[in-house]
Amino acid sequence: MEINKIYEPNKIETKWYQEWTDKGYFTPEIDESKKPFTVLIPPPNVTGILHIGHVLNNTIQDVLIRYKRMTGVPTLWLPGTDHAGIATQNVVEKKLQEEGSNRHEIGRQALVEKIWEFKQEKGGRIIEQLKKLGCSCDWTKERFTMDQGLSGAVKEVFIHLYNKGLIYRGKRIINWCPRCVTALANDEVEHSDESGKLWHIKYPFADGTGHIEIATTRPETMLGDVAVAVNPEDERYKDLIGKELTLPYTARTIPLIADEYVDKDFGSGCVKITPAHDPNDFEVGLRHNLAQILVIDEHGVMNETAGEDFLGLDRYECRKKLIKKLEEDGLLIKTQDHQHAVGHCYRCDTVIEPYLSDQWFVSMKELAEPAIEVVRNGQVKFQPERWTKVYMHWMENVRDWCISRQIWWGHRIPAFYCDDCGEIMVTKDEVTECSKCHSKNVRQEEDVLDTWFSSWLWPFSTLGWPEKTKELDYFLPTNVLVTGHEIIYLWVARMIMATLEFEQKIPFDTVFLHGIVRDEIGRKMSKSLGNSPDPIHIIDEVGADALRFSIIFNTPKGQDSYYSDSLLETGRNFANKIWNAFRYIMMNVEKIEGLPNKADLNLELADKWIYSRLNQVITEVTDNYENLRQNDAAQTLMQFIWNDYCSWYIELSKDRIYDENDKQGQLTAKFVLLDVLQQSMRLLHPLMPFITEEVWQTVKEYFPMDEAALIIAKFPLADHSMIDAQINDNMSFVQETITAIRNLRKQVNLSPALEIDVTLNLADESQKELFTAYQNYFAKLAKVTNMDININGEKVAGAIAAVVRNIEIYLPLSGLVDLDKEREKLERQMEKLENELSGIERKLSNNKFMQNAKPEVVQKEKEKFNEVKGKLDTMKELYHSLK
């Protein structure tokens with residue numbers, strides 16, 4: 001049999017992914033007698049590329065899917081991509097800018113065509129990268145949020161909610177990104193605490209009788225002020241309410257008004273009111289019927305209403321000029337440092353501007369109520385459970401959702417305006433005539449819908465809704481949604497609301513929220529920091545299996561994980577260990593003719609033990625997979641395969657594999673080696689699909705199995721009758737004793753090849769039977785030629801000793817080492833350690849050192865003292881044993 005000496009993941013991974021795809025293993029059949037298991041992929045941006053966060057998210061999903069597929073359940077992992085309105089348009093607009101053009105120059109239709117071209121050219125990259133990672137999605141059902149079916153679903157939903165009165169159009173203060181030139185929902189604004197300034201400014205009374213003092217962090221908006229408000233209970237201003245103030249640098253006067261919104265104990269108790277540029281001021285303005293004056297345009301530039309002195313200035317340039325003028329004119333009272341939360345666009349990081357604009361909104365309160373109830377009654381569960389509180393708090397305080405965006409790439413709002421009578425018509429069909437006055441002077445809304453408006457329909461629109469398809473009926477509700485906690489509001493909560501509204505079903509029963517992948521010093525991965533590795537480069541170097549296993553192995557359930565290149569050694573070394581063991585086994589078992597029935601096996605301690613451990617591991621790993629503790633599964637399997645199977649069982653089976661005179665022993669060892677290997681590959685397959693399929697398919701040639709491929713093979717079921725606590729304990733006792741003998745050898749630097757004699761002083765007859773029966777294990781793994789086995793024997797002179805449980809182990813050194821030289825060497829080493837220990841003791845007893853040194857330096861010295869003392873005590877014991 002030709003098996004490469006070195007594991008070459010790229011060849012194997014390409015081969016098996018193609019095979020699985022060609023055979024249609026990713027596509028489930030609808031079987032009404034079985035309940036399906038369904039996972040919906042969080043659709044990545046269509047023009048995105050794979051990053052390490054995607055690796056974690058999609059590996060978790062693939063582990064789930066592969067495990068469930070092996071349990072015989074019809075399993076659907078439904079893939080797709082998101083059109084990502086703002087992000088995708090930004091990319092294409094940057095290209096236009098490089099070409100010396102812009103979207104307004106080429107027009108809407110041309111821009112949309114260019115984005116479609118870009119999507120066709122680059123849109124498949126992330127899908128191909130997910131395939132390279134090993135994602136076993138049903139690619140025959142791949143969807144795109146702007147494909148024909150999903151676009152139809154978006155229109156259907158918009159019209160339904162509009163007719164129900166839950167979608168409305170109105171003038172509101174919204175979050176506005178001057179860079180992306182569009183509105184943003186509250187959840188698309190990322191806030192950060194920043195150091196700014198608080199400027200205290202005089203507003204003179206129009207009659208010249210004095211002034212009041214206001215404070216602001218955005219002085220450029222004062223040019224749009226329409227009032228100053230005080231609390232009606234504030235005694236300082238009661239007699240001044242209604243007086244007019246002169247608004248600096250404008251030709252306007254503004255009134256002093258009373259409103260309970262004002263906190264009389266904060267600052268001067270006076271608040272400037274700018275309804276067009278602040279959400280709280282907007283509400284005050286409505287109560288007092290105040291004008292709404294916009295002084296900043298959609299690009300963050302001061303408009304003509306701001307006055308000639310400031311027209312055309314960027315908002316921050318205007319701020320500088322205004323502060324300078326206020327200072328020169330004696331109107332700036334003081335400037336204070338001020339820490340405050342500043343909102344940034346989640347896409348381009350530009351500081352957002354509160355902006356008065358006509359927008360479309362979804363009224364959320366009615367939709368939120370049933371979505372709160374399904375989480376409260378446990379129909380939808382969050383894992384980890386702590387995220388339930390976060391969800392409930394947001395839903396119980398839900399605000400209306402601004403769904404219109406002032407861009408051109410996306411689902412254009414299906415609303416039409418009559419310019420003659422003002423009628424608004426909401427319909428899925430093209431409108432050419434007003435339904436009210438029959439005018440032909442009609443036009444469609446220019447705005448598109450928020451990207452999340454199509455994403456919130458993902459659980460049911462992807463399955464054919466609004467058509468009543470068999471897929472929709474069979475696969476909804478889905479089971480587990482795997483995503484990051486940062487989009488609980490943006491996506492998770494909205495999917496629950498939409499699916500309940502339109503299908504009267506929950507979208508999924510479990511929301512599994514994983515952590516963030518950070519770098520080794522705890523920073524979030526990002527291109528700007530240069531700490532985000534390219535997963536495709538990693539796969540090319542070490543293989544997808546190694547990457548997948550390393551990420552899962554190092555990510556506790558629901559917690560952040562920390563990536564470094566050294567982390568990859570876990571998966572790579574494990575893959576190499578599996579390959580080397582597999583190669584050794586196959587090259588040896590192929591020479592042994594035949595394979596016995598399981599009933600005819602002549603099992604000895606090691607065989608019974610490995611089967612006992614295997615069935616314990618099956619029980620543990622099944623529980624881990626079922627409860628989303630995938631890193632526990634990875635750690636359990638690595639311990640079992642590497643340590644129990646490779647380091648112990650394979651080594652102990654070698655004598656029988658090579659012994660042609662003991663045919664039954666040889667066949668038993670062959671059977672157990674192959675059986676445990678193939679079952680281990682089944683257990684490991686969800687985590688490392690490629691290498692396990694390669695190994696399993698080769699084992700199948702010598703160990704017949706019914707299934708055509710591991711990907712669709714049965715997941716092992718534990719045989720509890722094979723789990724034997726006594727066998728496990730006996731084997732552990734033998735292992736502990738062998739390990740103790742190996743450690744004794746190391747103490748005196750004996751060559752691993754040197755054969756030795758040992759004496760065992762045991763406690764009872766049962767121990768004697770155990771160690772006598774398996775002396776060959778000691779010969780194989782500790783190079784013990786003779787074992788002198790006694791019950792309650794005497795201490796052995798001229799030997800070093802160890803204690804395991806209630807037995808004593810002696811390694812006589814006569815003839816193995818020169819005892820005089822060994823003692824001399826130990827004396828020199830002990831003297832060196834004693835000097836080192838004295839130096840540390842002097843330092844720790846020095847008051848000046850203890851007072852001046854940093855706590856971590858003192859701690860380090862204490863740790864060093866304990867370490868050196870431990871070494872010295874060990875050497876003293878060894879020295880006395882050589883006397």
# chains A, B, ... in the order shown; residues from 1 in each chain; ligands from 1

call {"tool": "residues_around", "arguments": {"residues": "Glu32 in chain A", "least_positions_apart": "3", "cutoff": "9 Å", "atoms": "only C-alpha atoms", "output": "JSON, numbers by chain"}}
result
{"A": [35, 36, 474]}

call {"tool": "select_by_dssp", "arguments": {"residues": "range 635-824 of chain A", "states": "strand (DSSP E or B)", "output": "PyMOL selection string"}}
result
chain A and resi 756-762+784-791+799-804+807-812

call {"tool": "closest_residue", "arguments": {"among": "A:Ala291, A:Leu56, A:Ile496, A:Leu50", "to": "Gly558 in chain A", "atoms": "only C-alpha atoms"}}
result
A:Leu56

call {"tool": "residues_around", "arguments": {"residues": "Tyr563 in chain A", "least_positions_apart": "3", "cutoff": "12 Å", "atoms": "only C-alpha atoms", "output": "count of residues only"}}
result
31

call {"tool": "select_by_dssp", "arguments": {"residues": "range 445-670 of chain A", "states": "alpha helix (DSSP H)", "output": "ChimeraX atom specification"}}
result
/A:451-455,458-461,470-475,493-503,535-542,544-553,568-589,605-626,630-638,651-658,663-670

call {"tool": "residues_around", "arguments": {"residues": "range 69-85 of chain A", "least_positions_apart": "5", "cutoff": "6 Å", "atoms": "only C-alpha atoms", "output": "number ranges by chain"}}
result
A: 28, 36-41, 43-46, 137-138, 142-145, 409-410, 451, 712-715

call {"tool": "write_last_selection", "arguments": {"atoms": "N, CA and C atoms", "output": "PDB file, in the first residue's frame"}}
result
ATOM      1  N   PRO A  28     -30.248  17.469   1.440  1.00  0.00           N
ATOM      2  CA  PRO A  28     -31.112  16.511   2.143  1.00  0.00           C
ATOM      3  C   PRO A  28     -32.370  16.178   1.332  1.00  0.00           C
ATOM      4  N   PRO A  36     -36.407  17.230  10.581  1.00  0.00           N
ATOM      5  CA  PRO A  36     -35.122  17.688  10.030  1.00  0.00           C
ATOM      6  C   PRO A  36     -34.333  18.526  11.024  1.00  0.00           C
ATOM      7  N   PHE A  37     -33.086  18.748  10.682  1.00  0.00           N
ATOM      8  CA  PHE A  37     -32.234  19.682  11.434  1.00  0.00           C
ATOM      9  C   PHE A  37     -31.743  20.729  10.438  1.00  0.00           C
ATOM     10  N   THR A  38     -32.042  21.996  10.727  1.00  0.00           N
ATOM     11  CA  THR A  38     -31.764  23.068   9.763  1.00  0.00           C
ATOM     12  C   THR A  38     -30.966  24.192  10.407  1.00  0.00           C
ATOM     13  N   VAL A  39     -29.975  24.648   9.681  1.00  0.00           N
ATOM     14  CA  VAL A  39     -29.182  25.810  10.093  1.00  0.00           C
ATOM     15  C   VAL A  39     -29.160  26.795   8.922  1.00  0.00           C
ATOM     16  N   LEU A  40     -29.391  28.061   9.227  1.00  0.00           N
ATOM     17  CA  LEU A  40     -29.321  29.114   8.215  1.00  0.00           C
ATOM     18  C   LEU A  40     -28.006  29.852   8.373  1.00  0.00           C
ATOM     19  N   ILE A  41     -27.255  29.960   7.305  1.00  0.00           N
ATOM     20  CA  ILE A  41     -25.976  30.669   7.396  1.00  0.00           C
ATOM     21  C   ILE A  41     -26.239  32.165   7.588  1.00  0.00           C
ATOM     22  N   PRO A  43     -25.776  35.349   6.292  1.00  0.00           N
ATOM     23  CA  PRO A  43     -25.233  35.596   4.949  1.00  0.00           C
ATOM     24  C   PRO A  43     -24.098  36.620   4.953  1.00  0.00           C
ATOM     25  N   PRO A  44     -22.914  36.221   4.516  1.00  0.00           N
ATOM     26  CA  PRO A  44     -21.813  37.193   4.446  1.00  0.00           C
ATOM     27  C   PRO A  44     -22.063  38.193   3.325  1.00  0.00           C
ATOM     28  N   ASN A  45     -21.403  39.326   3.390  1.00  0.00           N
ATOM     29  CA  ASN A  45     -21.510  40.322   2.316  1.00  0.00           C
ATOM     30  C   ASN A  45     -21.051  39.703   1.006  1.00  0.00           C
ATOM     31  N   VAL A  46     -21.825  39.948  -0.040  1.00  0.00           N
ATOM     32  CA  VAL A  46     -21.588  39.268  -1.321  1.00  0.00           C
ATOM     33  C   VAL A  46     -20.196  39.546  -1.872  1.00  0.00           C
ATOM     34  N   CYS A 137     -22.567  23.110   3.060  1.00  0.00           N
ATOM     35  CA  CYS A 137     -23.862  23.743   2.782  1.00  0.00           C
ATOM     36  C   CYS A 137     -24.522  23.073   1.580  1.00  0.00           C
ATOM     37  N   ASP A 138     -25.834  23.170   1.522  1.00  0.00           N
ATOM     38  CA  ASP A 138     -26.553  22.693   0.337  1.00  0.00           C
ATOM     39  C   ASP A 138     -26.499  23.800  -0.713  1.00  0.00           C
ATOM     40  N   GLU A 142     -28.569  27.820  -2.648  1.00  0.00           N
ATOM     41  CA  GLU A 142     -27.922  29.096  -2.332  1.00  0.00           C
ATOM     42  C   GLU A 142     -28.813  30.280  -2.723  1.00  0.00           C
ATOM     43  N   ARG A 143     -28.915  31.266  -1.827  1.00  0.00           N
ATOM     44  CA  ARG A 143     -29.749  32.441  -2.087  1.00  0.00           C
ATOM     45  C   ARG A 143     -28.929  33.725  -1.992  1.00  0.00           C
ATOM     46  N   PHE A 144     -29.489  34.776  -2.567  1.00  0.00           N
ATOM     47  CA  PHE A 144     -28.886  36.113  -2.543  1.00  0.00           C
ATOM     48  C   PHE A 144     -30.011  37.076  -2.200  1.00  0.00           C
ATOM     49  N   THR A 145     -29.759  38.013  -1.290  1.00  0.00           N
ATOM     50  CA  THR A 145     -30.853  38.861  -0.796  1.00  0.00           C
ATOM     51  C   THR A 145     -31.486  39.739  -1.873  1.00  0.00           C
ATOM     52  N   TRP A 409     -28.125  51.148  -4.393  1.00  0.00           N
ATOM     53  CA  TRP A 409     -27.970  49.685  -4.459  1.00  0.00           C
ATOM     54  C   TRP A 409     -28.791  49.059  -3.345  1.00  0.00           C
ATOM     55  N   GLY A 410     -29.807  48.327  -3.719  1.00  0.00           N
ATOM     56  CA  GLY A 410     -30.668  47.696  -2.733  1.00  0.00           C
ATOM     57  C   GLY A 410     -32.074  47.546  -3.277  1.00  0.00           C
ATOM     58  N   THR A 451     -30.480  47.337   4.321  1.00  0.00           N
ATOM     59  CA  THR A 451     -30.059  45.961   4.018  1.00  0.00           C
ATOM     60  C   THR A 451     -30.715  44.948   4.962  1.00  0.00           C
ATOM     61  N   ILE A 712     -21.606  10.504   5.388  1.00  0.00           N
ATOM     62  CA  ILE A 712     -22.982  10.029   5.597  1.00  0.00           C
ATOM     63  C   ILE A 712     -23.020   8.749   6.435  1.00  0.00           C
ATOM     64  N   ALA A 713     -21.880   8.390   7.026  1.00  0.00           N
ATOM     65  CA  ALA A 713     -21.814   7.194   7.875  1.00  0.00           C
ATOM     66  C   ALA A 713     -22.500   7.463   9.214  1.00  0.00           C
ATOM     67  N   LYS A 714     -22.829   6.395   9.925  1.00  0.00           N
ATOM     68  CA  LYS A 714     -23.514   6.544  11.210  1.00  0.00           C
ATOM     69  C   LYS A 714     -22.546   7.035  12.278  1.00  0.00           C
ATOM     70  N   PHE A 715     -23.028   7.963  13.083  1.00  0.00           N
ATOM     71  CA  PHE A 715     -22.250   8.407  14.228  1.00  0.00           C
ATOM     72  C   PHE A 715     -22.269   7.289  15.271  1.00  0.00           C
TER      73      PHE A 715
END

call {"tool": "residues_around", "arguments": {"residues": "Leu637 in chain A", "least_positions_apart": "6", "cutoff": "10 Å", "atoms": "only C-alpha atoms", "output": "PDB file with all heavy atoms, in the first residue's frame"}}
result
ATOM      1  N   LEU A 614     -12.976   4.036  24.561  1.00  0.00           N
ATOM      2  CA  LEU A 614     -13.669   4.477  23.349  1.00  0.00           C
ATOM      3  C   LEU A 614     -15.143   4.747  23.643  1.00  0.00           C
ATOM      4  O   LEU A 614     -15.694   5.783  23.238  1.00  0.00           O
ATOM      5  CB  LEU A 614     -13.539   3.429  22.246  1.00  0.00           C
ATOM      6  CG  LEU A 614     -14.371   3.679  20.969  1.00  0.00           C
ATOM      7  CD1 LEU A 614     -13.888   4.925  20.237  1.00  0.00           C
ATOM      8  CD2 LEU A 614     -14.328   2.470  20.047  1.00  0.00           C
ATOM      9  N   VAL A 617     -15.632   7.836  25.620  1.00  0.00           N
ATOM     10  CA  VAL A 617     -15.415   9.007  24.758  1.00  0.00           C
ATOM     11  C   VAL A 617     -16.631   9.233  23.857  1.00  0.00           C
ATOM     12  O   VAL A 617     -17.050  10.375  23.643  1.00  0.00           O
ATOM     13  CB  VAL A 617     -14.110   8.840  23.935  1.00  0.00           C
ATOM     14  CG1 VAL A 617     -14.025   9.864  22.817  1.00  0.00           C
ATOM     15  CG2 VAL A 617     -12.897   8.962  24.863  1.00  0.00           C
ATOM     16  N   ILE A 618     -17.209   8.159  23.328  1.00  0.00           N
ATOM     17  CA  ILE A 618     -18.422   8.306  22.506  1.00  0.00           C
ATOM     18  C   ILE A 618     -19.513   9.006  23.314  1.00  0.00           C
ATOM     19  O   ILE A 618     -20.175   9.931  22.832  1.00  0.00           O
ATOM     20  CB  ILE A 618     -18.919   6.929  22.004  1.00  0.00           C
ATOM     21  CG1 ILE A 618     -17.935   6.340  20.983  1.00  0.00           C
ATOM     22  CG2 ILE A 618     -20.318   7.052  21.370  1.00  0.00           C
ATOM     23  CD1 ILE A 618     -18.213   4.880  20.614  1.00  0.00           C
ATOM     24  N   GLU A 620     -19.170  10.978  25.992  1.00  0.00           N
ATOM     25  CA  GLU A 620     -18.790  12.372  26.279  1.00  0.00           C
ATOM     26  C   GLU A 620     -18.925  13.250  25.046  1.00  0.00           C
ATOM     27  O   GLU A 620     -19.494  14.353  25.104  1.00  0.00           O
ATOM     28  CB  GLU A 620     -17.335  12.435  26.770  1.00  0.00           C
ATOM     29  CG  GLU A 620     -17.126  11.926  28.175  1.00  0.00           C
ATOM     30  CD  GLU A 620     -15.646  11.907  28.542  1.00  0.00           C
ATOM     31  OE1 GLU A 620     -14.916  12.832  28.117  1.00  0.00           O
ATOM     32  OE2 GLU A 620     -15.210  10.959  29.230  1.00  0.00           O
ATOM     33  N   VAL A 621     -18.404  12.785  23.920  1.00  0.00           N
ATOM     34  CA  VAL A 621     -18.370  13.600  22.711  1.00  0.00           C
ATOM     35  C   VAL A 621     -19.780  13.816  22.161  1.00  0.00           C
ATOM     36  O   VAL A 621     -20.116  14.910  21.692  1.00  0.00           O
ATOM     37  CB  VAL A 621     -17.441  12.964  21.653  1.00  0.00           C
ATOM     38  CG1 VAL A 621     -17.600  13.629  20.299  1.00  0.00           C
ATOM     39  CG2 VAL A 621     -15.990  13.055  22.125  1.00  0.00           C
ATOM     40  N   ASN A 631     -15.529  22.731  21.794  1.00  0.00           N
ATOM     41  CA  ASN A 631     -14.115  22.706  22.199  1.00  0.00           C
ATOM     42  C   ASN A 631     -13.866  21.569  23.192  1.00  0.00           C
ATOM     43  O   ASN A 631     -12.786  20.968  23.208  1.00  0.00           O
ATOM     44  CB  ASN A 631     -13.667  24.062  22.761  1.00  0.00           C
ATOM     45  CG  ASN A 631     -14.081  24.274  24.199  1.00  0.00           C
ATOM     46  OD1 ASN A 631     -15.264  24.169  24.519  1.00  0.00           O
ATOM     47  ND2 ASN A 631     -13.139  24.580  25.055  1.00  0.00           N
ATOM     48  N   ASN A 643      -3.211  10.312  23.039  1.00  0.00           N
ATOM     49  CA  ASN A 643      -2.627   9.705  24.231  1.00  0.00           C
ATOM     50  C   ASN A 643      -3.028   8.237  24.384  1.00  0.00           C
ATOM     51  O   ASN A 643      -2.182   7.339  24.335  1.00  0.00           O
ATOM     52  CB  ASN A 643      -3.051  10.506  25.466  1.00  0.00           C
ATOM     53  CG  ASN A 643      -2.234  10.135  26.698  1.00  0.00           C
ATOM     54  OD1 ASN A 643      -1.020  10.072  26.642  1.00  0.00           O
ATOM     55  ND2 ASN A 643      -2.910   9.882  27.802  1.00  0.00           N
ATOM     56  N   ASP A 644      -4.331   7.985  24.529  1.00  0.00           N
ATOM     57  CA  ASP A 644      -4.789   6.615  24.796  1.00  0.00           C
ATOM     58  C   ASP A 644      -4.505   5.677  23.617  1.00  0.00           C
ATOM     59  O   ASP A 644      -3.964   4.582  23.791  1.00  0.00           O
ATOM     60  CB  ASP A 644      -6.290   6.600  25.104  1.00  0.00           C
ATOM     61  CG  ASP A 644      -6.623   7.337  26.385  1.00  0.00           C
ATOM     62  OD1 ASP A 644      -5.695   7.692  27.121  1.00  0.00           O
ATOM     63  OD2 ASP A 644      -7.820   7.560  26.653  1.00  0.00           O
ATOM     64  N   SER A 680     -13.013   6.232  15.766  1.00  0.00           N
ATOM     65  CA  SER A 680     -12.434   7.538  16.143  1.00  0.00           C
ATOM     66  C   SER A 680     -12.597   8.546  15.018  1.00  0.00           C
ATOM     67  O   SER A 680     -12.860   9.738  15.250  1.00  0.00           O
ATOM     68  CB  SER A 680     -10.947   7.378  16.491  1.00  0.00           C
ATOM     69  OG  SER A 680     -10.781   6.535  17.598  1.00  0.00           O
ATOM     70  N   MET A 681     -12.439   8.071  13.764  1.00  0.00           N
ATOM     71  CA  MET A 681     -12.610   8.973  12.618  1.00  0.00           C
ATOM     72  C   MET A 681     -14.059   9.440  12.500  1.00  0.00           C
ATOM     73  O   MET A 681     -14.324  10.586  12.125  1.00  0.00           O
ATOM     74  CB  MET A 681     -12.155   8.277  11.329  1.00  0.00           C
ATOM     75  CG  MET A 681     -10.657   7.985  11.251  1.00  0.00           C
ATOM     76  SD  MET A 681      -9.576   9.435  11.472  1.00  0.00           S
ATOM     77  CE  MET A 681      -9.127   9.325  13.215  1.00  0.00           C
ATOM     78  N   LEU A 683     -16.061   9.900  15.052  1.00  0.00           N
ATOM     79  CA  LEU A 683     -16.226  10.888  16.125  1.00  0.00           C
ATOM     80  C   LEU A 683     -15.595  12.223  15.764  1.00  0.00           C
ATOM     81  O   LEU A 683     -16.119  13.296  16.081  1.00  0.00           O
ATOM     82  CB  LEU A 683     -15.590  10.364  17.415  1.00  0.00           C
ATOM     83  CG  LEU A 683     -16.260   9.157  18.078  1.00  0.00           C
ATOM     84  CD1 LEU A 683     -15.364   8.603  19.178  1.00  0.00           C
ATOM     85  CD2 LEU A 683     -17.626   9.525  18.641  1.00  0.00           C
ATOM     86  N   LEU A 684     -14.458  12.157  15.094  1.00  0.00           N
ATOM     87  CA  LEU A 684     -13.689  13.363  14.782  1.00  0.00           C
ATOM     88  C   LEU A 684     -14.161  14.046  13.496  1.00  0.00           C
ATOM     89  O   LEU A 684     -13.864  15.221  13.272  1.00  0.00           O
ATOM     90  CB  LEU A 684     -12.199  12.986  14.667  1.00  0.00           C
ATOM     91  CG  LEU A 684     -11.179  14.102  14.460  1.00  0.00           C
ATOM     92  CD1 LEU A 684     -11.203  15.102  15.628  1.00  0.00           C
ATOM     93  CD2 LEU A 684      -9.779  13.516  14.296  1.00  0.00           C
ATOM     94  N   LEU A 687     -15.323  17.740  13.129  1.00  0.00           N
ATOM     95  CA  LEU A 687     -14.284  18.750  13.377  1.00  0.00           C
ATOM     96  C   LEU A 687     -13.230  18.771  12.272  1.00  0.00           C
ATOM     97  O   LEU A 687     -12.780  19.837  11.852  1.00  0.00           O
ATOM     98  CB  LEU A 687     -13.600  18.472  14.718  1.00  0.00           C
ATOM     99  CG  LEU A 687     -14.466  18.675  15.968  1.00  0.00           C
ATOM    100  CD1 LEU A 687     -13.915  17.889  17.134  1.00  0.00           C
ATOM    101  CD2 LEU A 687     -14.557  20.154  16.314  1.00  0.00           C
TER     102      LEU A 687
END

call {"tool": "residues_around", "arguments": {"residues": "Leu844 in chain A", "least_positions_apart": "4", "cutoff": "9 Å", "atoms": "only C-alpha atoms", "output": "VMD selection string"}}
result
chain A and resid 839 to 840 849 to 850 858 861 to 862

call {"tool": "residues_around", "arguments": {"residues": "Glu694 in chain A", "least_positions_apart": "4", "cutoff": "8 Å", "atoms": "only C-alpha atoms", "output": "PDB file with N, CA and C atoms, in the first residue's frame"}}
result
ATOM      1  N   ILE A  12      -5.725  16.155  -0.572  1.00  0.00           N
ATOM      2  CA  ILE A  12      -6.803  15.368   0.032  1.00  0.00           C
ATOM      3  C   ILE A  12      -8.078  16.199   0.167  1.00  0.00           C
ATOM      4  N   TRP A  16     -11.721  15.325  -1.724  1.00  0.00           N
ATOM      5  CA  TRP A  16     -12.923  14.892  -1.017  1.00  0.00           C
ATOM      6  C   TRP A  16     -14.049  15.905  -1.131  1.00  0.00           C
ATOM      7  N   PHE A 690     -11.824  16.260   6.376  1.00  0.00           N
ATOM      8  CA  PHE A 690     -11.045  15.769   5.231  1.00  0.00           C
ATOM      9  C   PHE A 690     -10.130  14.595   5.592  1.00  0.00           C
ATOM     10  N   THR A 698      -9.726   4.396   3.537  1.00  0.00           N
ATOM     11  CA  THR A 698      -8.640   3.420   3.398  1.00  0.00           C
ATOM     12  C   THR A 698      -8.844   2.245   4.360  1.00  0.00           C
TER      13      THR A 698
END

call {"tool": "atom_distance", "arguments": {"atom1": "CA of Glu308 in chain A", "atom2": "CA of Thr274 in chain A"}}
result
19.5 Å

call {"tool": "closest_residue", "arguments": {"among": "A:Leu331, A:Cys180, A:Leu481, A:Leu457", "to": "Phe382 in chain A", "atoms": "only C-alpha atoms"}}
result
A:Leu481

call {"tool": "closest_residue", "arguments": {"among": "A:Ile592, A:Ile214, A:Ile65, A:Leu313", "to": "Glu660 in chain A", "atoms": "only C-alpha atoms"}}
result
A:Ile592

call {"tool": "closest_residue", "arguments": {"among": "A:Ile610, A:Ala229, A:Ala779, A:Ile657", "to": "Asp675 in chain A", "atoms": "only C-alpha atoms"}}
result
A:Ile610
